[in-house]
Structure formats: C-alpha cells, structure tokens
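Below: one structure, written as structure tokens.
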Amino acid sequence: MADLTTDFLGIKSPNPFWLASAPPTDKEYNVRRAFEAGWGGVVWKTLGEEGPPVVNVNGPRYGAIYGADRRLLGLNNIELITDRDLYTNLEEIKRVKADYPDRAVIVSIMVPCEEESWKAILPLVEETGADGIELNFGCPHGMSERGMGSAVGQVPEYIQMVAEWCKKYYSKPVIVKLTPNITDIRKPATAAKLGGADAVSLINTINSITSVDLDLMAPQPTIDGKGSHGGYCGPAVKPIALSMVSEIARNPETHGLPISGIGGVTTWRDAAEFMALGCGNVQVCTAAMTYGFRVVQEMISGLSSWMDEKGYTSTADFIGMAVPSVTDWQHLNLNYVTKARISQDDCIKCGRCYAACEDTSHQAISMSEDRTFEVIDEECVACNLCVNVCPVEGCITMEQLPKGATDPRTGQKVGDYANWTTHPNNPGAVKAAE
C-alpha cells in the first residue's frame with residue numbers, strides 16, 4: 001500500500017490533504033470533526049489582532065457559479081477573517097493540537113502591516129503549540145481596504161518585510177499565502193523567499209463578482225440592495241492555480257521553495273496534479289463546503305490506489321515530476337504533428353464535432369447524409385476542439401503522424417518544419433542570435 005504520510009517543512013501529517021483557512025476551520029468543533037473524518041491537517045481560519053472584533057455581514061455571504069447540472073463550479077465569498085475573540089481561538093487551537101499531535105495545525109494570521117502588531121501576536125500563537133503559521137496576504141475583499149490581505153500581497157517589498165518580522169519573532173515554519181490578483185506571481189514568491197519564509201501557499205481567492213440580480217440590479221450576494229466584490233474559489237479556479245504554481249516551481253529564483261497548493265482541489269486527481277507540479281501538499285475548502293468533511297476519504301483512497309498502480313510508494317516519489325515538462329511556447333516541437341480520428345463504433349452522431357469545426361474552426365470534419373462524420377486531413381490543424389466538445393470520452397482521439405510522413409494539410413514531410421527556437425519570427429531567437 002502507498003504511504004500517504006507527508007513531511008512538509010518538517011511538519012508530518014498522515015496524508016497531504018489539509019483544510020484551507022476558511023469557514024470549515026473557524027472553530028474547535030469543526031476542526032475536530034475534520035480530523036475524525038480523516039483530514040491530515042488544517043489551517044485555522046485567519047486570526048486578527050486583539051481589539052474590537054471583526055464584524056461580518058448578517059446577510060448572504062456567498063455567490064455561486066453552476067454547471068448545467070447545477071454542479072457547483074465556483075463560490076464567491078464576502079466573508080472576512082474570524083469574528084471570534086482572539087483568545088478564544090488561541091485556547092481552542094491549543095486544545096486541538098494537544099489532542100491530535102499527529103495532525104498538522106497551522107494558524108493563519110492577518111494583522112496590520114506594522115512590526116509591533118506582528119511582534120504582539122506571534123508569541124501568543126507560538127504558545128498554542130501549533131506547527132506553524134500562514135500569513136494571509138491574499139484576501140481580496142474587506143480586509144484589503146484596511147491595508148491588509150491582498151493589499152500587502154500585491155507589494156513584494158511588504159511581503160519580504162513582514163516575512164522577516166515573522167522569522168524574527170516566531171521560531172516555527174512560516175508560510176506565505178499569495179494572492180493571484182497580481183500580474184506576475186513569481187515576484188511575490190521571490191519576495192517571500194528573500195524574507196526568509198519557509199514556504200508559500202497559493203492561490204488565495206480571485207477578486208470577482210459572480211453574478212448580478214437583474215431584478216434588484218445589484219451584485220450577488222446582495223445585502224440590503226447592494227453587493228461587493230469578493231473572493232472566487234472552487235473547481236473553476238484550478239487552471240489558474242496550476243499555472244501559477246508551475247511558474248514558481250520552475251522559476252530559478254524560487255526553485256526549491258516548498259509550495260502548498262490551493263485552488264479547486266476536489267478529487268484525488270486534482271491533488272496529484274498539484275503535487276506533480278511541485279506542491280508538497282494541498283489545501284481544500286470548496287469541496288468540503290460542498291460535500292462535507294468525509295469527501296477526504298475518496299481523496300485518500302483514490303490517491304492511494306493511483307500510487308499503487310503507478311508503483312509510487314510515497315508522495316515524494318512524484319512531487320515535482322511534471323515541472324520539467326512545463327516550458328514556454330517557443331520551445332514546443334513543431335515537428336510533432338497529429339490528426340483527429342473519429343471512432344465510428346463509439347460515435348453517437350450528435351454532430352457537435354461537426355458544428356464546432358464547421359462554424360468556429362477549420363472546416364475539417366465532413367458530414368454525410370446518414371450523419372457519418374469523418375476528418376478531412378487536408379484541413380485538420382490538430383487543434384483538439386472536436387475532442388473537447390465530443391460528449392463521448394475516447395470517441396475522438398489525436399493520432400501522431402510518423403516522422404517522414406507527408407502532412408496532407410501543408411504538403412511538408414513531418415520533421416521538416418522550421419525549428420521555432422531558431423526561427424527568425426521568434427523574437428527570443430533573434431535576440432539570442434544578436
């Protein structure tokens with residue numbers, strides 16, 4: 001059996017599945033239920049400084065995006081950090097960690113960007129016995145207007161500065177949670193590393209308005225006739241998260257920086273993809289809020305079975321394996337030529353491939369009177385659109401043409417295409433030549 005035990009920054013947990021800092025980790029009751037369900041760790045919902053409590057809205061806090069079958073694809077939330085007393089949270093964290101020493105307990109923190117504020121809260125958190133802290137530099141709503149959250153995460157100099165304070169006043173691992181609401185994710189990640197942070201986690205939520213109520217003429221969720229931008233999460237953000245994770249993993253300035261992956265992890269496969277791109281573990285929120293804490297059992301069993309099938313004995317065996325395959329466009333092989341192929345045995349004659357190709361692509365699929373669909377190789381550019389719109393998995397595939405074969409579309413032999421890395425139309429190649 002595969003061993004799912006993970007060691008992230010020296011913090012051991014029975015599996016790589018942690019709950020992200022969010023409503024599911026807001027209190028002791030929730031966290032205990034999560035651990036009983038099988039989660040390997042939690043990041044406690046973000047704590048603020050001592051003082052007047054944070055006040056959340058008392059109306060709807062979530063907006064949603066659905067698929068055709070009402071499957072939840074994304075959540076937009078306007079909830080702030082914990083509105084519970086700091087010391088109540090600290091006492092609960094201490095009790096939970098004492099009762100679950102084999103589980104990871106990380107404390108998320110967000111206080112003003114002032115050294116004294118961090119100096120004051122860090123010793124209190126350390127006394128709980130928690131395994132580490134996560135600096136919330138990602139929240140895009142509510143707190144950012146107060147100079148915290150993504151307002152800090154969008155300024156690399158602030159990230160480095162606060163990370164340095166935390167390493168000065170706190171002895172355990174420091175994880176910096178990055179905002180995706182930025183042009184180049186590599187810059188804040190580099191700043192975190194320069195500040196001495198032990199790891200980064202990403203992505204936090206994406207600034208968004210998911211929908212507008214056309215009767216009230218206000219964004220949803222609507223509070224007394226008005227709405228606000230919020231943080232978007234769930235399966236829909238996974239592609240963005242994977243891209244940003246890969247950029248950090250392959251960037252020479254952040255190479256080797258441990259990463260905790262966040263963003264739409266719903267299944268074991270999602271987790272494996274994040275880990276293949278360099279994540280030491282993953283954090284989950286929307287899936288737990290959609291299906292309940294026991295969804296982790298499917299993640300555990302699925303990942304374990306896949307690892308057994310592949311011959312991986314531990315998660316360390318495949319973490320980062322896909323990173324070398326991530327490259328820039330100009331390094332892709334133009335001599336790799338494929339054509340679409342339709343299995344007539346599997347085709348249900350729905351015509352989606354034909355409509356998509358005829359109307360929006362390259363008119364490379366023919367339709368006979370009896371609705372038999374065939375690929376016209378002379379027109380097929382191998383864009384893969386037909387594969388993606390076909391409702392029957394495996395019905396349409398892409399077949400590679402062997403080297404030396406003639407491409408019916410161009411008349412060129414496979415292997416004779418210009419090498420883009422030295423092509424004069426490639427600015428990078430021209431610059432390198434100069």
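In the structure tokens, chains take letters A, B, ... by order of appearance, with residues numbered from 1 within each chain and ligands from 1 in the order shown.
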
Which polymer residues have any atom within 9 Å of an atom of Ala356 in chain A, counting only C-alpha atoms, with same-chain residues fewer than 6 positions away left out, as a ChimeraX atom specification?
/A:363,385-386,389

Show me, as a PyMOL selection string, the residues that have an atom within 8 Å of range 403-418 of chain A when counting only C-alpha atoms, minus same-chain residues fewer than 2 positions from it.
chain A and resi 334-337+377-381+401+420+423

Contacts of range 57-71 of chain A at 12 Å or less, counting only C-alpha atoms, minus same-chain residues fewer than 5 places along, as number ranges by chain?
A: 23, 76-81, 83, 141-142, 208-213, 219-237, 286-287, 289-291

Which is closest to Val323 in chain A among A:Ala104, A:Ala355, A:Leu73, A:Ala249, if we use only C-alpha atoms?
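Among the listed residues, the smallest separation from Val323 in chain A belongs to A:Ala249.
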
Can you list, as number ranges by chain, every protein, DNA or RNA residue that comes within 12 Å of Glu253 in chain A when you count only C-alpha atoms, leaving out same-chain residues fewer than 5 positions away?
A: 186-194, 247-248

Please, could you write that set of residues out with N, CA and C atoms as a PDB file, in the first residue's frame?
ATOM      1  N   ARG A 186       5.566  35.276  -9.734  1.00  0.00           N
ATOM      2  CA  ARG A 186       6.944  34.970  -9.350  1.00  0.00           C
ATOM      3  C   ARG A 186       7.548  36.040  -8.453  1.00  0.00           C
ATOM      4  N   LYS A 187       7.104  37.275  -8.618  1.00  0.00           N
ATOM      5  CA  LYS A 187       7.690  38.373  -7.837  1.00  0.00           C
ATOM      6  C   LYS A 187       7.342  38.284  -6.351  1.00  0.00           C
ATOM      7  N   PRO A 188       6.059  38.116  -5.977  1.00  0.00           N
ATOM      8  CA  PRO A 188       5.783  37.962  -4.543  1.00  0.00           C
ATOM      9  C   PRO A 188       6.386  36.688  -3.964  1.00  0.00           C
ATOM     10  N   ALA A 189       6.460  35.627  -4.766  1.00  0.00           N
ATOM     11  CA  ALA A 189       7.065  34.382  -4.266  1.00  0.00           C
ATOM     12  C   ALA A 189       8.546  34.593  -3.990  1.00  0.00           C
ATOM     13  N   THR A 190       9.211  35.312  -4.874  1.00  0.00           N
ATOM     14  CA  THR A 190      10.628  35.616  -4.663  1.00  0.00           C
ATOM     15  C   THR A 190      10.816  36.476  -3.425  1.00  0.00           C
ATOM     16  N   ALA A 191       9.915  37.443  -3.234  1.00  0.00           N
ATOM     17  CA  ALA A 191       9.991  38.309  -2.056  1.00  0.00           C
ATOM     18  C   ALA A 191       9.826  37.504  -0.771  1.00  0.00           C
ATOM     19  N   ALA A 192       8.908  36.538  -0.798  1.00  0.00           N
ATOM     20  CA  ALA A 192       8.705  35.686   0.380  1.00  0.00           C
ATOM     21  C   ALA A 192       9.972  34.910   0.700  1.00  0.00           C
ATOM     22  N   LYS A 193      10.606  34.390  -0.330  1.00  0.00           N
ATOM     23  CA  LYS A 193      11.846  33.626  -0.121  1.00  0.00           C
ATOM     24  C   LYS A 193      12.952  34.523   0.412  1.00  0.00           C
ATOM     25  N   LEU A 194      13.073  35.729  -0.144  1.00  0.00           N
ATOM     26  CA  LEU A 194      14.089  36.665   0.322  1.00  0.00           C
ATOM     27  C   LEU A 194      13.854  37.068   1.769  1.00  0.00           C
ATOM     28  N   GLU A 247       4.710  28.224 -12.352  1.00  0.00           N
ATOM     29  CA  GLU A 247       5.634  29.338 -12.565  1.00  0.00           C
ATOM     30  C   GLU A 247       6.624  29.469 -11.412  1.00  0.00           C
ATOM     31  N   ILE A 248       6.135  29.264 -10.203  1.00  0.00           N
ATOM     32  CA  ILE A 248       7.023  29.338  -9.037  1.00  0.00           C
ATOM     33  C   ILE A 248       7.957  28.143  -9.016  1.00  0.00           C
TER      34      ILE A 248
END

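Closest approach to Cys166 in chain A among A:Val31, A:Leu277, A:Ile121, A:Ile185: A:Ile121, based on only C-alpha atoms.
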
Just asking: which residues within range 163-192 of chain A are alpha helix (DSSP H) according to DSSP, as a list of chain:residue names?
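Output for range 163-192 of chain A, alpha helix (DSSP H) only: A:Ala163, A:Glu164, A:Trp165, A:Cys166, A:Lys167, A:Lys168, A:Tyr169, A:Arg186, A:Lys187, A:Pro188, A:Ala189, A:Thr190, A:Ala191, A:Ala192.
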
Residues at most 9 Å from range 10-20 of chain A, counting only C-alpha atoms, excluding those fewer than 5 positions away in the same chain, as a VMD selection string?
chain A and resid 3 to 5 25 31 34 38 to 45 102 to 104 131 to 132 173 262 271 280 to 285 288 296 299 to 300 315

For Met367 in chain A, list every protein, DNA or RNA residue within 12 Å, evaluated using only C-alpha atoms, and leave out those in the same chain fewer than 3 positions away; present the list as a PyMOL selection string.
chain A and resi 349-355+357-358+363-364+370-376

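When CA of Thr6 in chain A is paired with CA of Val105 in chain A, their separation reads 13.7 Å.
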
With distances taken over only C-alpha atoms, which residue among A:Lys172, A:Arg294, A:Lys339, A:His255 lies nearest Ala37 in chain A?
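Nearest to Ala37 in chain A: A:Arg294.
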
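With only C-alpha atoms as the atoms that count, the minimum distance from Asp198 in chain A to the choices A:Asp215, A:Glu164, A:Glu157, A:Asp328 is reached by A:Glu164.
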